[in-house]
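Structure data (PDB, C-alpha atoms, pLDDT in the B column) from my_file_13.pdb:
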```
ATOM      1  CA  MET A  35      72.302 254.564 191.013  1.00 52.00           C
ATOM      2  CA  ARG A  36      74.920 255.617 188.470  1.00 49.00           C
ATOM      3  CA  ASN A  37      72.257 256.345 185.804  1.00 53.00           C
ATOM      4  CA  TYR A  38      70.354 258.455 188.320  1.00 51.00           C
ATOM      5  CA  PHE A  39      73.376 260.626 189.076  1.00 51.00           C
ATOM      6  CA  SER A  40      74.102 261.087 185.366  1.00 54.00           C
ATOM      7  CA  ARG A  41      70.611 262.543 184.962  1.00 54.00           C
ATOM      8  CA  VAL A  42      71.175 264.760 187.973  1.00 51.00           C
ATOM      9  CA  VAL A  43      74.312 266.224 186.358  1.00 50.00           C
ATOM     10  CA  VAL A  44      72.441 267.014 183.126  1.00 52.00           C
ATOM     11  CA  ILE A  45      69.527 268.630 184.972  1.00 50.00           C
ATOM     12  CA  LEU A  46      71.850 270.681 187.151  1.00 48.00           C
ATOM     13  CA  PHE A  47      73.778 271.985 184.157  1.00 49.00           C
ATOM     14  CA  SER A  48      70.581 273.007 182.395  1.00 50.00           C
ATOM     15  CA  GLN A  49      69.065 274.729 185.421  1.00 49.00           C
ATOM     16  CA  LEU A  50      72.240 276.578 186.412  1.00 49.00           C
ATOM     17  CA  ILE A  51      71.925 278.604 183.214  1.00 45.00           C
ATOM     18  CA  PHE A  52      68.982 280.347 184.812  1.00 48.00           C
ATOM     19  CA  VAL A  53      70.473 281.000 188.262  1.00 46.00           C
ATOM     20  CA  GLY A  54      70.615 284.741 187.742  1.00 45.00           C
ATOM     21  CA  ASN A  55      66.994 284.864 186.601  1.00 48.00           C
ATOM     22  CA  ILE A  56      65.498 282.565 189.242  1.00 50.00           C
ATOM     23  CA  SER A  57      66.509 284.266 192.476  1.00 52.00           C
ATOM     24  CA  SER A  58      64.713 287.248 193.982  1.00 51.00           C
ATOM     25  CA  ALA A  59      65.083 289.204 197.211  1.00 50.00           C
ATOM     26  CA  GLN A  60      61.813 287.773 198.592  1.00 63.00           C
ATOM     27  CA  GLU A  61      62.895 284.143 198.493  1.00 77.00           C
ATOM     28  CA  ARG A  62      63.642 282.217 201.673  1.00 88.00           C
ATOM     29  CA  ILE A  63      65.940 279.871 199.736  1.00 89.00           C
ATOM     30  CA  LYS A  64      68.116 282.014 197.499  1.00 87.00           C
ATOM     31  CA  LEU A  65      70.663 281.274 194.794  1.00 84.00           C
ATOM     32  CA  SER A  66      73.625 283.550 194.231  1.00 82.00           C
ATOM     33  CA  GLU A  67      76.330 284.126 191.672  1.00 76.00           C
ATOM     34  CA  PRO A  68      79.131 283.081 191.628  1.00 82.00           C
ATOM     35  CA  ASN A  69      78.715 280.931 194.745  1.00 82.00           C
ATOM     36  CA  ASP A  70      76.282 278.467 193.216  1.00 82.00           C
ATOM     37  CA  TYR A  71      78.376 278.069 190.108  1.00 81.00           C
ATOM     38  CA  ILE A  72      81.360 277.280 192.334  1.00 86.00           C
ATOM     39  CA  ILE A  73      79.387 274.822 194.492  1.00 84.00           C
ATOM     40  CA  SER A  74      77.929 273.074 191.468  1.00 82.00           C
ATOM     41  CA  GLY A  75      81.212 273.003 189.586  1.00 84.00           C
ATOM     42  CA  ALA A  76      83.045 271.547 192.569  1.00 86.00           C
ATOM     43  CA  SER A  77      80.320 268.939 193.120  1.00 83.00           C
ATOM     44  CA  ILE A  78      80.340 267.894 189.474  1.00 84.00           C
ATOM     45  CA  SER A  79      84.143 267.635 189.444  1.00 87.00           C
ATOM     46  CA  LEU A  80      84.102 265.572 192.639  1.00 87.00           C
ATOM     47  CA  PHE A  81      81.337 263.425 191.170  1.00 85.00           C
ATOM     48  CA  PHE A  82      83.264 262.537 188.033  1.00 86.00           C
ATOM     49  CA  GLY A  83      86.453 262.040 190.023  1.00 90.00           C
ATOM     50  CA  GLY A  84      84.699 259.714 192.448  1.00 88.00           C
ATOM     51  CA  ASN A  85      82.962 257.912 189.601  1.00 89.00           C
ATOM     52  CA  TYR A  86      86.343 257.200 188.001  1.00 92.00           C
ATOM     53  CA  PHE A  87      87.756 255.623 191.156  1.00 93.00           C
ATOM     54  CA  TYR A  88      84.537 253.708 191.851  1.00 92.00           C
ATOM     55  CA  ARG A  89      84.287 252.282 188.330  1.00 91.00           C
ATOM     56  CA  ASN A  90      87.944 251.204 188.387  1.00 93.00           C
ATOM     57  CA  LYS A  91      87.843 249.616 191.809  1.00 95.00           C
ATOM     58  CA  THR A  92      89.658 246.272 191.975  1.00 94.00           C
ATOM     59  CA  PRO A  93      87.516 243.309 193.087  1.00 96.00           C
ATOM     60  CA  LEU A  94      88.680 240.832 195.676  1.00 97.00           C
ATOM     61  CA  THR A  95      90.193 237.593 194.437  1.00 97.00           C
ATOM     62  CA  GLU A  96      88.775 234.282 195.584  1.00 97.00           C
ATOM     63  CA  THR A  97      91.958 233.700 197.597  1.00 97.00           C
ATOM     64  CA  GLU A  98      91.536 237.042 199.369  1.00 97.00           C
ATOM     65  CA  ILE A  99      87.897 236.282 200.101  1.00 98.00           C
ATOM     66  CA  ASN A 100      88.695 232.872 201.578  1.00 96.00           C
ATOM     67  CA  SER A 101      91.389 234.416 203.776  1.00 96.00           C
ATOM     68  CA  LEU A 102      88.998 236.908 205.390  1.00 97.00           C
ATOM     69  CA  SER A 103      88.373 236.283 209.079  1.00 96.00           C
ATOM     70  CA  ILE A 104      85.434 237.455 211.163  1.00 96.00           C
ATOM     71  CA  SER A 105      87.802 237.745 214.127  1.00 95.00           C
ATOM     72  CA  ASN A 106      89.365 240.792 212.440  1.00 95.00           C
ATOM     73  CA  ILE A 107      86.051 242.663 212.586  1.00 97.00           C
ATOM     74  CA  ASN A 108      85.266 244.750 215.659  1.00 96.00           C
ATOM     75  CA  SER A 109      82.667 243.257 217.993  1.00 96.00           C
ATOM     76  CA  PHE A 110      80.134 246.016 217.251  1.00 96.00           C
ATOM     77  CA  ASP A 111      80.057 245.166 213.523  1.00 98.00           C
ATOM     78  CA  ARG A 112      80.590 241.421 213.673  1.00 97.00           C
ATOM     79  CA  ARG A 113      76.947 240.310 213.745  1.00 97.00           C
ATOM     80  CA  ALA A 114      76.325 241.845 210.338  1.00 98.00           C
ATOM     81  CA  THR A 115      78.280 239.012 208.702  1.00 98.00           C
ATOM     82  CA  ALA A 116      75.420 236.602 209.473  1.00 97.00           C
ATOM     83  CA  ASN A 117      73.031 238.580 207.258  1.00 98.00           C
ATOM     84  CA  TYR A 118      72.208 238.051 203.590  1.00 97.00           C
ATOM     85  CA  SER A 119      68.751 238.867 202.221  1.00 97.00           C
ATOM     86  CA  HIS A 120      67.638 239.740 198.697  1.00 96.00           C
ATOM     87  CA  SER A 121      64.235 240.901 199.942  1.00 98.00           C
ATOM     88  CA  ALA A 122      65.832 243.370 202.371  1.00 98.00           C
ATOM     89  CA  GLU A 123      68.101 244.611 199.572  1.00 97.00           C
ATOM     90  CA  LYS A 124      65.132 245.205 197.269  1.00 97.00           C
ATOM     91  CA  ALA A 125      63.224 246.961 200.045  1.00 98.00           C
ATOM     92  CA  SER A 126      66.198 249.272 200.644  1.00 97.00           C
ATOM     93  CA  ASP A 127      66.251 250.101 196.925  1.00 94.00           C
ATOM     94  CA  VAL A 128      62.578 251.060 197.134  1.00 95.00           C
ATOM     95  CA  MET A 129      63.360 253.301 200.104  1.00 95.00           C
ATOM     96  CA  LEU A 130      66.171 254.956 198.148  1.00 93.00           C
ATOM     97  CA  VAL A 131      64.087 255.645 195.039  1.00 90.00           C
ATOM     98  CA  SER A 132      61.166 256.888 197.118  1.00 90.00           C
ATOM     99  CA  SER A 133      63.327 259.215 199.199  1.00 90.00           C
ATOM    100  CA  ILE A 134      64.831 260.856 196.120  1.00 87.00           C
ATOM    101  CA  ALA A 135      61.399 262.337 195.412  1.00 87.00           C
ATOM    102  CA  LEU A 136      60.761 263.208 199.068  1.00 91.00           C
ATOM    103  CA  PRO A 137      61.404 266.989 198.748  1.00 91.00           C
ATOM    104  CA  ALA A 138      58.540 267.110 196.222  1.00 90.00           C
ATOM    105  CA  ILE A 139      56.128 267.152 199.168  1.00 92.00           C
ATOM    106  CA  LEU A 140      57.365 270.670 199.891  1.00 92.00           C
ATOM    107  CA  LEU A 141      55.586 271.808 196.732  1.00 89.00           C
ATOM    108  CA  ALA A 142      52.263 271.158 198.429  1.00 91.00           C
ATOM    109  CA  ASP A 143      52.875 274.413 200.305  1.00 93.00           C
ATOM    110  CA  LYS A 144      52.085 277.499 198.232  1.00 92.00           C
ATOM    111  CA  GLU A 145      54.809 279.653 199.838  1.00 92.00           C
ATOM    112  CA  ILE A 146      57.536 277.113 199.119  1.00 93.00           C
ATOM    113  CA  ARG A 147      56.049 276.479 195.678  1.00 91.00           C
ATOM    114  CA  LYS A 148      56.710 280.125 194.779  1.00 89.00           C
ATOM    115  CA  ASP A 149      60.440 279.397 195.175  1.00 90.00           C
ATOM    116  CA  PHE A 150      60.318 276.146 193.214  1.00 87.00           C
ATOM    117  CA  GLY A 151      63.274 277.092 190.981  1.00 86.00           C
ATOM    118  CA  SER A 152      65.776 277.851 193.715  1.00 89.00           C
ATOM    119  CA  VAL A 153      64.620 275.043 196.030  1.00 91.00           C
ATOM    120  CA  SER A 154      64.883 272.454 193.256  1.00 88.00           C
ATOM    121  CA  ILE A 155      68.366 273.556 192.198  1.00 87.00           C
ATOM    122  CA  VAL A 156      69.664 273.475 195.773  1.00 92.00           C
ATOM    123  CA  TYR A 157      68.231 269.982 196.210  1.00 91.00           C
ATOM    124  CA  ILE A 158      69.878 268.815 192.978  1.00 88.00           C
ATOM    125  CA  GLN A 159      73.158 270.227 194.284  1.00 89.00           C
ATOM    126  CA  THR A 160      72.621 268.352 197.553  1.00 93.00           C
ATOM    127  CA  ALA A 161      71.926 265.043 195.805  1.00 90.00           C
ATOM    128  CA  LEU A 162      74.881 265.493 193.475  1.00 87.00           C
ATOM    129  CA  LEU A 163      77.256 266.310 196.331  1.00 91.00           C
ATOM    130  CA  ALA A 164      76.094 263.263 198.286  1.00 92.00           C
ATOM    131  CA  GLY A 165      76.540 261.044 195.254  1.00 90.00           C
ATOM    132  CA  ALA A 166      80.002 262.438 194.649  1.00 91.00           C
ATOM    133  CA  GLU A 167      81.070 261.811 198.243  1.00 94.00           C
ATOM    134  CA  ILE A 168      79.688 258.282 198.177  1.00 94.00           C
ATOM    135  CA  GLN A 169      81.477 257.275 194.990  1.00 92.00           C
ATOM    136  CA  PHE A 170      84.727 258.975 195.931  1.00 93.00           C
ATOM    137  CA  VAL A 171      84.971 257.278 199.330  1.00 96.00           C
ATOM    138  CA  LYS A 172      83.826 253.888 198.044  1.00 95.00           C
ATOM    139  CA  GLY A 173      86.304 254.138 195.194  1.00 94.00           C
ATOM    140  CA  LEU A 174      89.253 254.851 197.481  1.00 95.00           C
ATOM    141  CA  ILE A 175      88.482 252.789 200.585  1.00 96.00           C
ATOM    142  CA  ASP A 176      88.480 248.992 200.462  1.00 97.00           C
ATOM    143  CA  ARG A 177      86.176 247.297 202.940  1.00 98.00           C
ATOM    144  CA  ALA A 178      84.495 243.986 202.203  1.00 98.00           C
ATOM    145  CA  ARG A 179      80.753 244.002 202.707  1.00 98.00           C
ATOM    146  CA  PRO A 180      79.393 241.795 205.504  1.00 98.00           C
ATOM    147  CA  PHE A 181      77.940 239.202 203.103  1.00 98.00           C
ATOM    148  CA  VAL A 182      81.443 238.528 201.758  1.00 98.00           C
ATOM    149  CA  TYR A 183      82.129 236.786 205.083  1.00 98.00           C
ATOM    150  CA  ASN A 184      78.872 234.823 204.862  1.00 97.00           C
ATOM    151  CA  PRO A 185      79.235 231.276 203.427  1.00 96.00           C
ATOM    152  CA  SER A 186      75.595 231.435 202.259  1.00 95.00           C
ATOM    153  CA  ALA A 187      76.347 234.188 199.760  1.00 97.00           C
ATOM    154  CA  PRO A 188      77.454 233.086 196.273  1.00 97.00           C
ATOM    155  CA  MET A 189      81.078 233.599 195.258  1.00 97.00           C
ATOM    156  CA  SER A 190      79.923 235.321 192.060  1.00 97.00           C
ATOM    157  CA  GLU A 191      78.517 238.169 194.172  1.00 97.00           C
ATOM    158  CA  LYS A 192      81.556 238.310 196.421  1.00 98.00           C
ATOM    159  CA  ARG A 193      83.853 238.654 193.406  1.00 98.00           C
ATOM    160  CA  LYS A 194      82.192 241.877 192.210  1.00 97.00           C
ATOM    161  CA  ALA A 195      84.144 245.100 192.763  1.00 96.00           C
ATOM    162  CA  ASP A 196      81.183 246.614 194.614  1.00 96.00           C
ATOM    163  CA  ALA A 197      81.423 243.822 197.199  1.00 98.00           C
ATOM    164  CA  ASN A 198      84.607 245.529 198.412  1.00 97.00           C
ATOM    165  CA  ALA A 199      82.905 248.919 198.832  1.00 97.00           C
ATOM    166  CA  SER A 200      81.112 248.634 202.140  1.00 98.00           C
ATOM    167  CA  PHE A 201      82.171 252.007 203.555  1.00 97.00           C
ATOM    168  CA  PHE A 202      80.041 254.004 203.769  1.00 96.00           C
ATOM    169  CA  SER A 203      76.346 253.279 203.195  1.00 97.00           C
ATOM    170  CA  GLY A 204      75.297 255.180 200.084  1.00 96.00           C
ATOM    171  CA  HIS A 205      71.616 254.275 200.439  1.00 96.00           C
ATOM    172  CA  THR A 206      71.586 255.635 203.979  1.00 98.00           C
ATOM    173  CA  ALA A 207      73.475 258.787 203.004  1.00 97.00           C
ATOM    174  CA  MET A 208      71.158 259.547 200.072  1.00 95.00           C
ATOM    175  CA  THR A 209      67.955 259.023 202.049  1.00 97.00           C
ATOM    176  CA  ALA A 210      69.347 261.058 204.954  1.00 98.00           C
ATOM    177  CA  SER A 211      70.305 263.888 202.590  1.00 97.00           C
ATOM    178  CA  ALA A 212      66.822 264.038 201.092  1.00 95.00           C
ATOM    179  CA  ALA A 213      65.074 263.802 204.455  1.00 97.00           C
ATOM    180  CA  ALA A 214      67.310 266.367 206.167  1.00 97.00           C
ATOM    181  CA  PHE A 215      66.977 268.767 203.232  1.00 97.00           C
ATOM    182  CA  THR A 216      63.189 268.492 203.282  1.00 97.00           C
ATOM    183  CA  ALA A 217      62.940 269.063 207.039  1.00 97.00           C
ATOM    184  CA  THR A 218      65.434 271.953 206.999  1.00 97.00           C
ATOM    185  CA  VAL A 219      63.731 273.784 204.134  1.00 97.00           C
ATOM    186  CA  TYR A 220      60.354 273.482 205.833  1.00 97.00           C
ATOM    187  CA  SER A 221      61.818 274.785 209.101  1.00 97.00           C
ATOM    188  CA  ILE A 222      63.262 277.799 207.249  1.00 96.00           C
ATOM    189  CA  TYR A 223      59.827 278.743 205.941  1.00 96.00           C
ATOM    190  CA  TYR A 224      57.947 277.828 209.118  1.00 96.00           C
ATOM    191  CA  PRO A 225      60.340 278.054 212.088  1.00 96.00           C
ATOM    192  CA  ASP A 226      57.512 278.149 214.626  1.00 96.00           C
ATOM    193  CA  SER A 227      55.449 275.318 213.182  1.00 96.00           C
ATOM    194  CA  LYS A 228      54.103 272.804 215.697  1.00 96.00           C
ATOM    195  CA  ALA A 229      54.580 270.113 213.058  1.00 94.00           C
ATOM    196  CA  LEU A 230      58.380 270.375 213.146  1.00 96.00           C
ATOM    197  CA  PRO A 231      58.999 267.737 215.870  1.00 96.00           C
ATOM    198  CA  TYR A 232      56.945 265.199 213.891  1.00 95.00           C
ATOM    199  CA  LEU A 233      58.718 266.177 210.697  1.00 95.00           C
ATOM    200  CA  TYR A 234      62.127 265.688 212.319  1.00 96.00           C
ATOM    201  CA  ILE A 235      61.096 262.282 213.658  1.00 96.00           C
ATOM    202  CA  SER A 236      59.864 261.221 210.216  1.00 94.00           C
ATOM    203  CA  ALA A 237      63.014 262.576 208.580  1.00 95.00           C
ATOM    204  CA  ALA A 238      65.140 260.490 210.940  1.00 96.00           C
ATOM    205  CA  ALA A 239      63.022 257.352 210.560  1.00 97.00           C
ATOM    206  CA  ILE A 240      63.484 257.155 206.786  1.00 97.00           C
ATOM    207  CA  PRO A 241      67.292 256.790 206.659  1.00 97.00           C
ATOM    208  CA  ILE A 242      67.369 254.710 209.839  1.00 98.00           C
ATOM    209  CA  THR A 243      64.907 252.244 208.289  1.00 98.00           C
ATOM    210  CA  THR A 244      66.927 252.221 205.081  1.00 98.00           C
ATOM    211  CA  GLY A 245      70.106 251.591 207.048  1.00 98.00           C
ATOM    212  CA  TYR A 246      68.486 248.699 208.918  1.00 98.00           C
ATOM    213  CA  LEU A 247      67.416 247.105 205.631  1.00 98.00           C
ATOM    214  CA  ARG A 248      70.967 247.428 204.296  1.00 98.00           C
ATOM    215  CA  TYR A 249      72.196 245.769 207.489  1.00 98.00           C
ATOM    216  CA  LYS A 250      69.721 242.876 207.113  1.00 98.00           C
ATOM    217  CA  ALA A 251      70.700 242.523 203.459  1.00 98.00           C
ATOM    218  CA  GLY A 252      74.312 241.951 204.499  1.00 98.00           C
ATOM    219  CA  LYS A 253      75.377 245.022 202.538  1.00 98.00           C
ATOM    220  CA  HIS A 254      76.666 247.145 205.402  1.00 98.00           C
ATOM    221  CA  PHE A 255      78.105 247.095 208.891  1.00 98.00           C
ATOM    222  CA  PRO A 256      76.539 249.329 211.568  1.00 98.00           C
ATOM    223  CA  THR A 257      79.528 251.689 211.357  1.00 98.00           C
ATOM    224  CA  ASP A 258      78.944 252.078 207.593  1.00 98.00           C
ATOM    225  CA  ILE A 259      75.353 253.025 208.296  1.00 98.00           C
ATOM    226  CA  ALA A 260      76.277 255.462 211.058  1.00 98.00           C
ATOM    227  CA  ALA A 261      78.764 257.197 208.739  1.00 98.00           C
ATOM    228  CA  GLY A 262      76.141 257.384 206.000  1.00 98.00           C
ATOM    229  CA  LEU A 263      73.678 258.980 208.412  1.00 98.00           C
ATOM    230  CA  ILE A 264      76.186 261.618 209.487  1.00 98.00           C
ATOM    231  CA  VAL A 265      77.216 262.483 205.926  1.00 97.00           C
ATOM    232  CA  GLY A 266      73.648 262.580 204.652  1.00 97.00           C
ATOM    233  CA  ILE A 267      72.234 264.699 207.467  1.00 97.00           C
ATOM    234  CA  ALA A 268      75.152 267.117 207.214  1.00 97.00           C
ATOM    235  CA  ASN A 269      74.651 267.493 203.451  1.00 96.00           C
ATOM    236  CA  GLY A 270      70.917 268.104 203.637  1.00 97.00           C
ATOM    237  CA  PHE A 271      71.081 270.508 206.553  1.00 97.00           C
ATOM    238  CA  LEU A 272      74.111 272.497 205.440  1.00 96.00           C
ATOM    239  CA  MET A 273      73.091 272.913 201.798  1.00 95.00           C
ATOM    240  CA  ALA A 274      69.650 274.209 202.739  1.00 96.00           C
ATOM    241  CA  SER A 275      71.038 276.426 205.508  1.00 95.00           C
ATOM    242  CA  LEU A 276      73.772 277.922 203.304  1.00 93.00           C
ATOM    243  CA  HIS A 277      71.107 279.105 200.859  1.00 92.00           C
ATOM    244  CA  ARG A 278      68.873 280.593 203.508  1.00 91.00           C
ATOM    245  CA  ASN A 279      68.007 284.185 202.586  1.00 85.00           C
TER     246      ASN A 279
END
```

Would you write out, as structure tokens, the structure that this file holds?
Amino acid sequence: MRNYFSRVVVILFSQLIFVGNISSAQERIKLSEPNDYIISGASISLFFGGNYFYRNKTPLTETEINSLSISNINSFDRRATANYSHSAEKASDVMLVSSIALPAILLADKEIRKDFGSVSIVYIQTALLAGAEIQFVKGLIDRARPFVYNPSAPMSEKRKADANASFFSGHTAMTASAAAFTATVYSIYYPDSKALPYLYISAAAIPITTGYLRYKAGKHFPTDIAAGLIVGIANGFLMASLHRN
């Protein structure tokens, strides 16, 4: 995921050079100066700040791991500690990678395709902001992942710094951001479309499925997933709405 966000930063920098030339009065999704420079600059700064904290996160010691008690977990989250599945983890990774390209389906519409430049930059901003939030929170908040409590999971995995970064679900947040952005942009262009209810249902199903896979993998508690959903949906909806012309 880190390599992906590094590419996003490079692409965003290169495309922001053309902000003033991309936007036009006819666009439904419109870029503006200096607002988009401020949004992008703040997102990039937050990204690198969060990346610093995330990369320097201190892993749990074996003594700390052995002292963890399921009884200290709230009853709503407790069942997640019984989960540990590599296949579910791999499936969630597939969902994440697939969802990153989800807004590309908007280009099938000729009206949205006319605004490709502005739509793509706003989506890059959305993805970058979500990635920044994920890394920043994970870097600052210590919460052992559910599998750390599971005796079936190897100690080598439990001793990794990322094993102490359960809150919140980054996979869920990223897929929710992409899905919410896609649905919101389409609704801006076609507010009266009869397809919108089905689009909203599909947009919700993608991050929910991803969250469930992360739960089955033992990577996240239900509260981590719920927080990821909220953050992701808010990012996708607000970023698209703020650029509505």

>> As a check of understanding, name the residues that the PyMOL selection byres ((chain A and resi 264) around 12) selects in the supplied structure, as a VMD selection string.
In response: chain A and resid 164 202 to 204 206 to 211 214 238 241 to 242 245 257 to 263 265 to 272

>> Starting from the PyMOL selection byres ((chain A and resi 126) around 8), expand the selection into actual residues of this file and give them as a count of residues only.
In response: 13

> If you apply the PyMOL selection byres ((chain A and resi 61) around 12) to this file, what residues do you get, as a list in words?
Replying inline: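 For this structure, the PyMOL selection byres ((chain A and resi 61) around 12) resolves to Ile56, Ser57, Ser58, Ala59, Gln60, Arg62, Ile63, Lys64, Leu65, Ser66, Glu145, Ile146, Arg147, Lys148, Asp149, Phe150, Gly151, Ser152, Val153, Val219, Ile222, Tyr223, His277, Arg278 and Asn279 of chain A.
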
The selected residues should be written to file as a PDB file, in the frame of the given file (atoms: C-alpha atoms).
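Writing done, so here's selection17.pdb:
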```
ATOM      1  CA  ILE A  56      65.498 282.565 189.242  1.00 50.00           C
ATOM      2  CA  SER A  57      66.509 284.266 192.476  1.00 52.00           C
ATOM      3  CA  SER A  58      64.713 287.248 193.982  1.00 51.00           C
ATOM      4  CA  ALA A  59      65.083 289.204 197.211  1.00 50.00           C
ATOM      5  CA  GLN A  60      61.813 287.773 198.592  1.00 63.00           C
ATOM      6  CA  ARG A  62      63.642 282.217 201.673  1.00 88.00           C
ATOM      7  CA  ILE A  63      65.940 279.871 199.736  1.00 89.00           C
ATOM      8  CA  LYS A  64      68.116 282.014 197.499  1.00 87.00           C
ATOM      9  CA  LEU A  65      70.663 281.274 194.794  1.00 84.00           C
ATOM     10  CA  SER A  66      73.625 283.550 194.231  1.00 82.00           C
ATOM     11  CA  GLU A 145      54.809 279.653 199.838  1.00 92.00           C
ATOM     12  CA  ILE A 146      57.536 277.113 199.119  1.00 93.00           C
ATOM     13  CA  ARG A 147      56.049 276.479 195.678  1.00 91.00           C
ATOM     14  CA  LYS A 148      56.710 280.125 194.779  1.00 89.00           C
ATOM     15  CA  ASP A 149      60.440 279.397 195.175  1.00 90.00           C
ATOM     16  CA  PHE A 150      60.318 276.146 193.214  1.00 87.00           C
ATOM     17  CA  GLY A 151      63.274 277.092 190.981  1.00 86.00           C
ATOM     18  CA  SER A 152      65.776 277.851 193.715  1.00 89.00           C
ATOM     19  CA  VAL A 153      64.620 275.043 196.030  1.00 91.00           C
ATOM     20  CA  VAL A 219      63.731 273.784 204.134  1.00 97.00           C
ATOM     21  CA  ILE A 222      63.262 277.799 207.249  1.00 96.00           C
ATOM     22  CA  TYR A 223      59.827 278.743 205.941  1.00 96.00           C
ATOM     23  CA  HIS A 277      71.107 279.105 200.859  1.00 92.00           C
ATOM     24  CA  ARG A 278      68.873 280.593 203.508  1.00 91.00           C
ATOM     25  CA  ASN A 279      68.007 284.185 202.586  1.00 85.00           C
TER      26      ASN A 279
END
```

Expected axis-aligned box over every listed atom of segment 265-270 of chain A, 5 Å added per side, centre plus edges in Å to one decimal, as lines of an AutoDock Vina configuration file:
```
center_x = 74.1
center_y = 265.3
center_z = 205.5
size_x = 16.3
size_y = 15.6
size_z = 14.0
```

>> List as a list of chain:residue names the protein and nucleic acid residues near Tyr220 of chain A, meaning an atom at most 9 Å away when only C-alpha atoms are counted, but skip any in the same chain fewer than 4 places from it.
In response: A:Leu140, A:Ile146, A:Phe215, A:Thr216, A:Tyr224, A:Pro225, A:Leu230, A:Leu233

6 Å contact set for segment 93-103 of chain A, only C-alpha atoms, chain neighbours under 6 positions out, as a PDB file with C-alpha atoms, in the frame of the given file:
```
ATOM      1  CA  ARG A 193      83.853 238.654 193.406  1.00 98.00           C
ATOM      2  CA  LYS A 194      82.192 241.877 192.210  1.00 97.00           C
ATOM      3  CA  ALA A 195      84.144 245.100 192.763  1.00 96.00           C
TER       4      ALA A 195
END
```

> Which one of A:Asp111, A:Asp70, A:Asp143, A:Asp196 sits closest to Lys172 of chain A if you count all atoms listed in the file?
Replying inline: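 Using all atoms listed in the file, the shortest distance to Lys172 of chain A belongs to A:Asp196.
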